[in-house]
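The file final_28.pdb contains PDB, C-alpha atoms:
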```pdb
ATOM      1  CA  MET A 296     135.312 139.413  40.178  1.00  0.00           C
ATOM      2  CA  LEU A 297     134.341 136.668  37.748  1.00  0.00           C
ATOM      3  CA  GLU A 298     134.849 137.640  34.127  1.00  0.00           C
ATOM      4  CA  GLY A 299     132.197 136.829  31.546  1.00  0.00           C
ATOM      5  CA  LYS A 300     128.921 138.349  30.449  1.00  0.00           C
ATOM      6  CA  ALA A 301     125.605 137.231  31.930  1.00  0.00           C
ATOM      7  CA  VAL A 302     123.122 136.230  29.233  1.00  0.00           C
ATOM      8  CA  ILE A 303     119.427 136.551  30.103  1.00  0.00           C
ATOM      9  CA  GLY A 304     117.375 133.799  28.480  1.00  0.00           C
ATOM     10  CA  GLU A 305     113.780 134.724  29.295  1.00  0.00           C
ATOM     11  CA  THR A 306     112.476 137.277  31.740  1.00  0.00           C
ATOM     12  CA  ASP A 307     109.404 138.857  33.283  1.00  0.00           C
ATOM     13  CA  MET A 308     111.151 141.074  35.783  1.00  0.00           C
ATOM     14  CA  LEU A 309     111.997 144.712  36.384  1.00  0.00           C
ATOM     15  CA  GLN A 310     115.314 145.825  34.898  1.00  0.00           C
ATOM     16  CA  THR A 311     116.650 146.662  38.373  1.00  0.00           C
ATOM     17  CA  MET A 312     115.787 143.175  39.646  1.00  0.00           C
ATOM     18  CA  GLN A 313     117.419 141.589  36.605  1.00  0.00           C
ATOM     19  CA  GLN A 314     120.558 143.537  37.437  1.00  0.00           C
ATOM     20  CA  ASP A 315     120.363 142.349  41.058  1.00  0.00           C
ATOM     21  CA  ALA A 316     120.023 138.752  39.858  1.00  0.00           C
ATOM     22  CA  THR A 317     123.046 138.885  37.554  1.00  0.00           C
ATOM     23  CA  ASP A 318     125.118 140.750  40.161  1.00  0.00           C
ATOM     24  CA  LEU A 319     124.245 138.172  42.815  1.00  0.00           C
ATOM     25  CA  ALA A 320     124.997 135.285  40.465  1.00  0.00           C
ATOM     26  CA  SER A 321     128.396 136.801  39.753  1.00  0.00           C
ATOM     27  CA  LYS A 322     128.997 137.335  43.476  1.00  0.00           C
ATOM     28  CA  ALA A 323     127.929 133.751  44.240  1.00  0.00           C
ATOM     29  CA  LEU A 324     130.446 132.428  41.723  1.00  0.00           C
ATOM     30  CA  ASP A 325     133.160 134.428  43.500  1.00  0.00           C
ATOM     31  CA  PHE A 326     132.190 132.863  46.826  1.00  0.00           C
ATOM     32  CA  PHE A 327     131.529 129.297  45.698  1.00  0.00           C
ATOM     33  CA  ASP A 328     132.920 126.802  43.251  1.00  0.00           C
ATOM     34  CA  VAL A 329     130.820 126.355  40.108  1.00  0.00           C
ATOM     35  CA  THR A 330     130.082 122.747  41.167  1.00  0.00           C
ATOM     36  CA  GLU A 331     128.441 123.887  44.431  1.00  0.00           C
ATOM     37  CA  ALA A 332     125.056 124.352  42.784  1.00  0.00           C
ATOM     38  CA  ILE A 333     122.973 124.171  45.970  1.00  0.00           C
ATOM     39  CA  GLU A 334     125.140 126.742  47.773  1.00  0.00           C
ATOM     40  CA  ILE A 335     124.902 129.123  44.801  1.00  0.00           C
ATOM     41  CA  ALA A 336     121.116 128.692  44.657  1.00  0.00           C
ATOM     42  CA  ARG A 337     120.832 129.178  48.437  1.00  0.00           C
ATOM     43  CA  PHE A 338     122.897 132.385  48.313  1.00  0.00           C
ATOM     44  CA  ILE A 339     120.871 133.961  45.480  1.00  0.00           C
ATOM     45  CA  LYS A 340     117.512 132.918  46.969  1.00  0.00           C
ATOM     46  CA  LYS A 341     118.316 134.220  50.460  1.00  0.00           C
ATOM     47  CA  GLU A 342     119.626 137.530  49.122  1.00  0.00           C
ATOM     48  CA  PHE A 343     116.536 138.016  46.953  1.00  0.00           C
ATOM     49  CA  ASP A 344     114.274 137.186  49.906  1.00  0.00           C
ATOM     50  CA  ARG A 345     116.112 139.840  51.914  1.00  0.00           C
ATOM     51  CA  MET A 346     116.102 142.472  49.161  1.00  0.00           C
ATOM     52  CA  HIS A 347     112.704 141.906  47.549  1.00  0.00           C
ATOM     53  CA  GLY A 348     110.567 140.113  50.121  1.00  0.00           C
ATOM     54  CA  PRO A 349     110.052 136.404  50.848  1.00  0.00           C
ATOM     55  CA  GLY A 350     108.997 133.575  48.555  1.00  0.00           C
ATOM     56  CA  TRP A 351     111.765 133.417  45.943  1.00  0.00           C
ATOM     57  CA  GLN A 352     112.916 130.122  44.428  1.00  0.00           C
ATOM     58  CA  CYS A 353     116.246 129.450  42.775  1.00  0.00           C
ATOM     59  CA  MET A 354     117.443 126.527  40.647  1.00  0.00           C
TER      60      MET A 354
ATOM     61  CA  MET B  48     108.447  72.909  -5.523  1.00  0.00           C
ATOM     62  CA  GLU B  49     105.421  74.962  -4.449  1.00  0.00           C
ATOM     63  CA  GLU B  50     105.265  72.962  -1.226  1.00  0.00           C
ATOM     64  CA  ALA B  51     108.871  73.852  -0.440  1.00  0.00           C
ATOM     65  CA  GLU B  52     108.210  77.559  -1.069  1.00  0.00           C
ATOM     66  CA  LYS B  53     105.143  77.477   1.159  1.00  0.00           C
ATOM     67  CA  GLU B  54     107.137  75.762   3.896  1.00  0.00           C
ATOM     68  CA  LEU B  55     109.893  78.397   3.633  1.00  0.00           C
ATOM     69  CA  GLU B  56     107.325  81.193   3.828  1.00  0.00           C
ATOM     70  CA  ARG B  57     105.683  79.590   6.855  1.00  0.00           C
ATOM     71  CA  ARG B  58     109.032  79.286   8.628  1.00  0.00           C
ATOM     72  CA  SER B  59     109.943  82.858   7.710  1.00  0.00           C
ATOM     73  CA  LYS B  60     106.676  84.155   9.208  1.00  0.00           C
ATOM     74  CA  PHE B  61     107.224  82.072  12.331  1.00  0.00           C
ATOM     75  CA  LEU B  62     110.753  83.429  12.803  1.00  0.00           C
ATOM     76  CA  ASN B  63     109.545  87.008  12.238  1.00  0.00           C
ATOM     77  CA  SER B  64     106.856  86.578  14.868  1.00  0.00           C
ATOM     78  CA  LEU B  65     109.485  85.276  17.322  1.00  0.00           C
ATOM     79  CA  ILE B  66     111.693  88.305  16.624  1.00  0.00           C
ATOM     80  CA  GLN B  67     108.761  90.687  17.188  1.00  0.00           C
ATOM     81  CA  LYS B  68     107.873  88.968  20.474  1.00  0.00           C
ATOM     82  CA  LYS B  69     111.492  89.198  21.604  1.00  0.00           C
ATOM     83  CA  LYS B  70     111.619  92.921  20.748  1.00  0.00           C
ATOM     84  CA  LYS B  71     108.400  93.581  22.667  1.00  0.00           C
ATOM     85  CA  GLY B  72     109.790  91.651  25.620  1.00  0.00           C
ATOM     86  CA  ILE B  73     112.955  93.767  25.659  1.00  0.00           C
ATOM     87  CA  GLU B  74     110.956  97.023  25.487  1.00  0.00           C
ATOM     88  CA  GLN B  75     108.677  95.809  28.272  1.00  0.00           C
ATOM     89  CA  HIS B  76     111.690  94.926  30.398  1.00  0.00           C
ATOM     90  CA  GLU B  77     113.247  98.353  29.775  1.00  0.00           C
ATOM     91  CA  HIS B  78     110.071 100.050  31.006  1.00  0.00           C
ATOM     92  CA  GLU B  79     109.775  97.812  34.041  1.00  0.00           C
ATOM     93  CA  SER B  80     113.361  98.397  35.083  1.00  0.00           C
ATOM     94  CA  PHE B  81     113.089 102.140  35.786  1.00  0.00           C
ATOM     95  CA  LYS B  82     115.118 102.779  38.933  1.00  0.00           C
ATOM     96  CA  VAL B  83     113.029 105.061  41.151  1.00  0.00           C
ATOM     97  CA  HIS B  84     114.594 106.825  44.142  1.00  0.00           C
ATOM     98  CA  VAL B  85     112.869 109.277  46.470  1.00  0.00           C
ATOM     99  CA  ARG B  86     115.715 111.622  47.410  1.00  0.00           C
ATOM    100  CA  ALA B  87     113.900 114.036  49.735  1.00  0.00           C
ATOM    101  CA  CYS B  88     110.280 114.608  50.573  1.00  0.00           C
ATOM    102  CA  ASP B  89     107.709 116.389  52.672  1.00  0.00           C
ATOM    103  CA  MET B  90     104.598 114.941  51.096  1.00  0.00           C
ATOM    104  CA  PRO B  91     101.862 112.426  52.006  1.00  0.00           C
ATOM    105  CA  LEU B  92     102.411 108.952  50.568  1.00  0.00           C
ATOM    106  CA  PRO B  93      99.368 108.988  48.224  1.00  0.00           C
ATOM    107  CA  LEU B  94     100.653 112.180  46.576  1.00  0.00           C
ATOM    108  CA  GLN B  95     104.154 110.729  46.295  1.00  0.00           C
ATOM    109  CA  ASN B  96     102.742 107.647  44.603  1.00  0.00           C
ATOM    110  CA  ARG B  97     100.701 109.826  42.250  1.00  0.00           C
ATOM    111  CA  ALA B  98     103.806 111.771  41.224  1.00  0.00           C
ATOM    112  CA  LEU B  99     105.904 108.645  40.702  1.00  0.00           C
ATOM    113  CA  GLN B 100     103.114 106.975  38.737  1.00  0.00           C
ATOM    114  CA  CYS B 101     102.573 110.049  36.561  1.00  0.00           C
ATOM    115  CA  ALA B 102     106.300 110.340  35.799  1.00  0.00           C
ATOM    116  CA  ARG B 103     106.605 106.632  35.077  1.00  0.00           C
ATOM    117  CA  LEU B 104     103.570 106.664  32.764  1.00  0.00           C
ATOM    118  CA  HIS B 105     105.028 109.611  30.875  1.00  0.00           C
ATOM    119  CA  LEU B 106     108.358 107.830  30.426  1.00  0.00           C
ATOM    120  CA  GLU B 107     106.654 104.598  29.373  1.00  0.00           C
ATOM    121  CA  SER B 108     104.567 106.403  26.762  1.00  0.00           C
ATOM    122  CA  MET B 109     107.724 107.655  25.048  1.00  0.00           C
ATOM    123  CA  PRO B 110     108.780 105.748  21.933  1.00  0.00           C
ATOM    124  CA  PRO B 111     111.920 103.674  22.691  1.00  0.00           C
ATOM    125  CA  GLY B 112     115.164 105.382  21.754  1.00  0.00           C
ATOM    126  CA  ASN B 113     113.615 108.862  21.863  1.00  0.00           C
ATOM    127  CA  LYS B 114     115.334 111.525  23.950  1.00  0.00           C
ATOM    128  CA  LEU B 115     113.349 112.597  27.008  1.00  0.00           C
ATOM    129  CA  ASP B 116     111.644 115.971  26.643  1.00  0.00           C
ATOM    130  CA  ASN B 117     112.252 117.430  30.113  1.00  0.00           C
ATOM    131  CA  LYS B 118     109.875 120.331  29.557  1.00  0.00           C
ATOM    132  CA  ARG B 119     106.989 118.055  28.594  1.00  0.00           C
ATOM    133  CA  LEU B 120     107.450 115.867  31.664  1.00  0.00           C
ATOM    134  CA  ALA B 121     107.600 118.949  33.909  1.00  0.00           C
ATOM    135  CA  LEU B 122     104.442 120.329  32.289  1.00  0.00           C
ATOM    136  CA  ALA B 123     102.603 117.006  32.672  1.00  0.00           C
ATOM    137  CA  LEU B 124     103.438 116.731  36.387  1.00  0.00           C
ATOM    138  CA  LYS B 125     102.693 120.389  37.124  1.00  0.00           C
ATOM    139  CA  LYS B 126      99.302 120.279  35.360  1.00  0.00           C
ATOM    140  CA  GLU B 127      98.374 116.971  36.987  1.00  0.00           C
ATOM    141  CA  PHE B 128      99.080 118.327  40.473  1.00  0.00           C
ATOM    142  CA  ASP B 129      97.545 121.767  39.848  1.00  0.00           C
ATOM    143  CA  SER B 130      94.305 120.170  38.691  1.00  0.00           C
ATOM    144  CA  SER B 131      94.215 117.509  41.423  1.00  0.00           C
ATOM    145  CA  TYR B 132      95.553 119.377  44.446  1.00  0.00           C
ATOM    146  CA  GLY B 133      95.116 123.063  43.614  1.00  0.00           C
ATOM    147  CA  PRO B 134      97.629 125.729  42.626  1.00  0.00           C
ATOM    148  CA  ALA B 135     100.486 126.483  42.566  1.00  0.00           C
ATOM    149  CA  TRP B 136     102.778 123.558  41.853  1.00  0.00           C
ATOM    150  CA  HIS B 137     106.207 123.910  40.275  1.00  0.00           C
ATOM    151  CA  CYS B 138     108.198 121.210  38.555  1.00  0.00           C
ATOM    152  CA  ILE B 139     111.830 121.101  37.470  1.00  0.00           C
ATOM    153  CA  VAL B 140     113.156 118.170  35.464  1.00  0.00           C
ATOM    154  CA  GLY B 141     116.786 117.663  34.515  1.00  0.00           C
ATOM    155  CA  THR B 142     119.944 115.640  34.871  1.00  0.00           C
ATOM    156  CA  SER B 143     122.078 118.276  36.590  1.00  0.00           C
ATOM    157  CA  PHE B 144     120.748 121.162  38.657  1.00  0.00           C
ATOM    158  CA  GLY B 145     120.955 122.578  42.151  1.00  0.00           C
ATOM    159  CA  SER B 146     118.075 124.280  43.896  1.00  0.00           C
ATOM    160  CA  TYR B 147     116.971 126.100  47.020  1.00  0.00           C
ATOM    161  CA  VAL B 148     113.244 126.679  47.412  1.00  0.00           C
ATOM    162  CA  THR B 149     110.513 127.668  49.862  1.00  0.00           C
ATOM    163  CA  HIS B 150     107.571 125.261  49.759  1.00  0.00           C
ATOM    164  CA  SER B 151     104.192 124.809  51.396  1.00  0.00           C
ATOM    165  CA  VAL B 152     103.941 122.228  54.180  1.00  0.00           C
ATOM    166  CA  GLY B 153     103.393 118.759  52.707  1.00  0.00           C
ATOM    167  CA  GLY B 154     104.183 119.967  49.216  1.00  0.00           C
ATOM    168  CA  PHE B 155     107.737 118.945  48.381  1.00  0.00           C
ATOM    169  CA  LEU B 156     109.130 115.950  46.537  1.00  0.00           C
ATOM    170  CA  TYR B 157     112.546 115.371  45.007  1.00  0.00           C
ATOM    171  CA  PHE B 158     113.000 112.057  43.244  1.00  0.00           C
ATOM    172  CA  SER B 159     114.853 110.394  40.407  1.00  0.00           C
ATOM    173  CA  ILE B 160     113.892 107.931  37.711  1.00  0.00           C
ATOM    174  CA  ASP B 161     117.028 106.403  36.235  1.00  0.00           C
ATOM    175  CA  LYS B 162     119.268 109.429  35.547  1.00  0.00           C
ATOM    176  CA  VAL B 163     116.462 111.997  35.425  1.00  0.00           C
ATOM    177  CA  TYR B 164     115.935 114.097  38.551  1.00  0.00           C
ATOM    178  CA  ILE B 165     112.546 115.640  39.296  1.00  0.00           C
ATOM    179  CA  LEU B 166     111.751 118.385  41.777  1.00  0.00           C
ATOM    180  CA  LEU B 167     108.070 118.974  42.477  1.00  0.00           C
ATOM    181  CA  PHE B 168     106.911 121.495  45.053  1.00  0.00           C
ATOM    182  CA  LYS B 169     103.974 123.676  45.993  1.00  0.00           C
ATOM    183  CA  THR B 170     103.909 127.344  46.947  1.00  0.00           C
ATOM    184  CA  ALA B 171     101.169 129.470  48.460  1.00  0.00           C
ATOM    185  CA  VAL B 172      99.277 131.674  46.016  1.00  0.00           C
ATOM    186  CA  GLU B 173      98.417 135.229  46.932  1.00  0.00           C
ATOM    187  CA  PRO B 174      95.155 136.464  45.380  1.00  0.00           C
ATOM    188  CA  LEU B 175      95.593 139.379  42.978  1.00  0.00           C
ATOM    189  CA  ASP B 176      94.280 142.715  44.253  1.00  0.00           C
ATOM    190  CA  HIS B 177      91.690 144.146  41.864  1.00  0.00           C
TER     191      HIS B 177
END
```
Mind turning this structure into structure tokens?
Amino acid sequence: MLEGKAVIGETDMLQTMQQDATDLASKALDFFDVTEAIEIARFIKKEFDRMHGPGWQCM
Amino acid sequence: MEEAEKELERRSKFLNSLIQKKKKGIEQHEHESFKVHVRACDMPLPLQNRALQCARLHLESMPPGNKLDNKRLALALKKEFDSSYGPAWHCIVGTSFGSYVTHSVGGFLYFSIDKVYILLFKTAVEPLDH
């Protein structure tokens, strides 16, 4: 598990979803190298689409 | 003596005007030499041209030497496309980012101007239930 605290900049999202986002980001950084930006974005977007319905974007 | 002073002043003005012209020429050349690359797209050519033109105009309007305000460029492109082609357009501007998005058909453009990368895409808007 990647060490380090997730810092939320700005948000308009349910607390539970925020937690999902930070958990998935942490998970993505376990799976992929930090330089693999597109793979990280793809992973988070696809997981959010699966968990919370389609139409999510990730940068 | 007065004649000599007048002559010196005239020459000084002439040299200053040459320097100003040279400076303007350099600035003009800098603006003309923006390297534009379309990296990926699913967008009709007229819309692509509109996006490139809008981005270029924004960059040209910046005072030379000023740092690019990514947020302002993103806002300008998003507003331009929302008003011209309907909602909802999204724009990301930066020098280093990865992305994975879902876009409407014919509403995706990823391009670069010099070292600035611009992602512009459209998504479907669901009407709010009242």
Chain B residues within 8 Å of chain A, counting all atoms listed in the file: which ones, as a PDB file with C-alpha atoms, keeping the file's coordinate frame?
```pdb
ATOM      1  CA  PHE B 144     120.748 121.162  38.657  1.00  0.00           C
ATOM      2  CA  GLY B 145     120.955 122.578  42.151  1.00  0.00           C
ATOM      3  CA  SER B 146     118.075 124.280  43.896  1.00  0.00           C
ATOM      4  CA  TYR B 147     116.971 126.100  47.020  1.00  0.00           C
ATOM      5  CA  VAL B 148     113.244 126.679  47.412  1.00  0.00           C
ATOM      6  CA  THR B 149     110.513 127.668  49.862  1.00  0.00           C
TER       7      THR B 149
END
```
Open item on the list: Quick check on the file I pasted: which residues fall under the PyMOL selection byres ((chain B and resi 88-104) around 6)? Write them as a VMD selection string.
Closed with: chain B and resid 87 105 to 107 153 to 156
Open item on the list: Between CA of Phe168 in chain B and CA of Cys138 in chain B, what distance in Å does the model show, to one decimal?
Closed with: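 One can read the CA of Phe168 in chain B to CA of Cys138 in chain B distance as 6.6 Å.
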- [ ] Could you please determine the separation between CA of Phe81 in chain B and CA of Ile160 in chain B in Å, to one decimal place?
- [x]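 Separation of CA of Phe81 in chain B and CA of Ile160 in chain B: 6.2 Å.
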TODO: Taking the file as shown, find all residues satisfying the PyMOL selection byres ((chain B and resi 125) around 12) and write them as an NGL selection string.
DONE: :B and (97-98 or 101-102 or 118-124 or 126-140 or 165-169)
Open item on the list: List the spatial neighbours of Ala301 in chain A as number ranges by chain - criterion: any atom at most 12 Å away, all atoms listed in the file, same-chain residues fewer than 3 positions off excluded.
Closed with: A: 297-298, 304, 313-321, 324
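Note that CA of Asp328 in chain A and CA of His150 in chain B are 26.2 Å apart.
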TODO: Name the closest residue to Lys162 in chain B among the candidates B:Leu62, B:Val83, B:Met109, B:Ala51; distances are taken between atoms, counting only C-alpha atoms.
DONE: B:Val83
For range 325-332 of chain A, take all atoms listed in the file, fit an axis-aligned box around them, add 3 Å to each of the six sides, then output centre and edge lengths in Å rounded to one decimal, as AutoDock Vina command-line options.
```
--center_x 129.1 --center_y 128.6 --center_z 43.5 --size_x 14.1 --size_y 17.7 --size_z 12.7
```
TODO: Using all atoms listed in the file, find the one residue out of B:Ser108, B:Thr142, B:Asn113, B:Thr170 that sits nearest to Phe158 in chain B.
DONE: B:Thr142
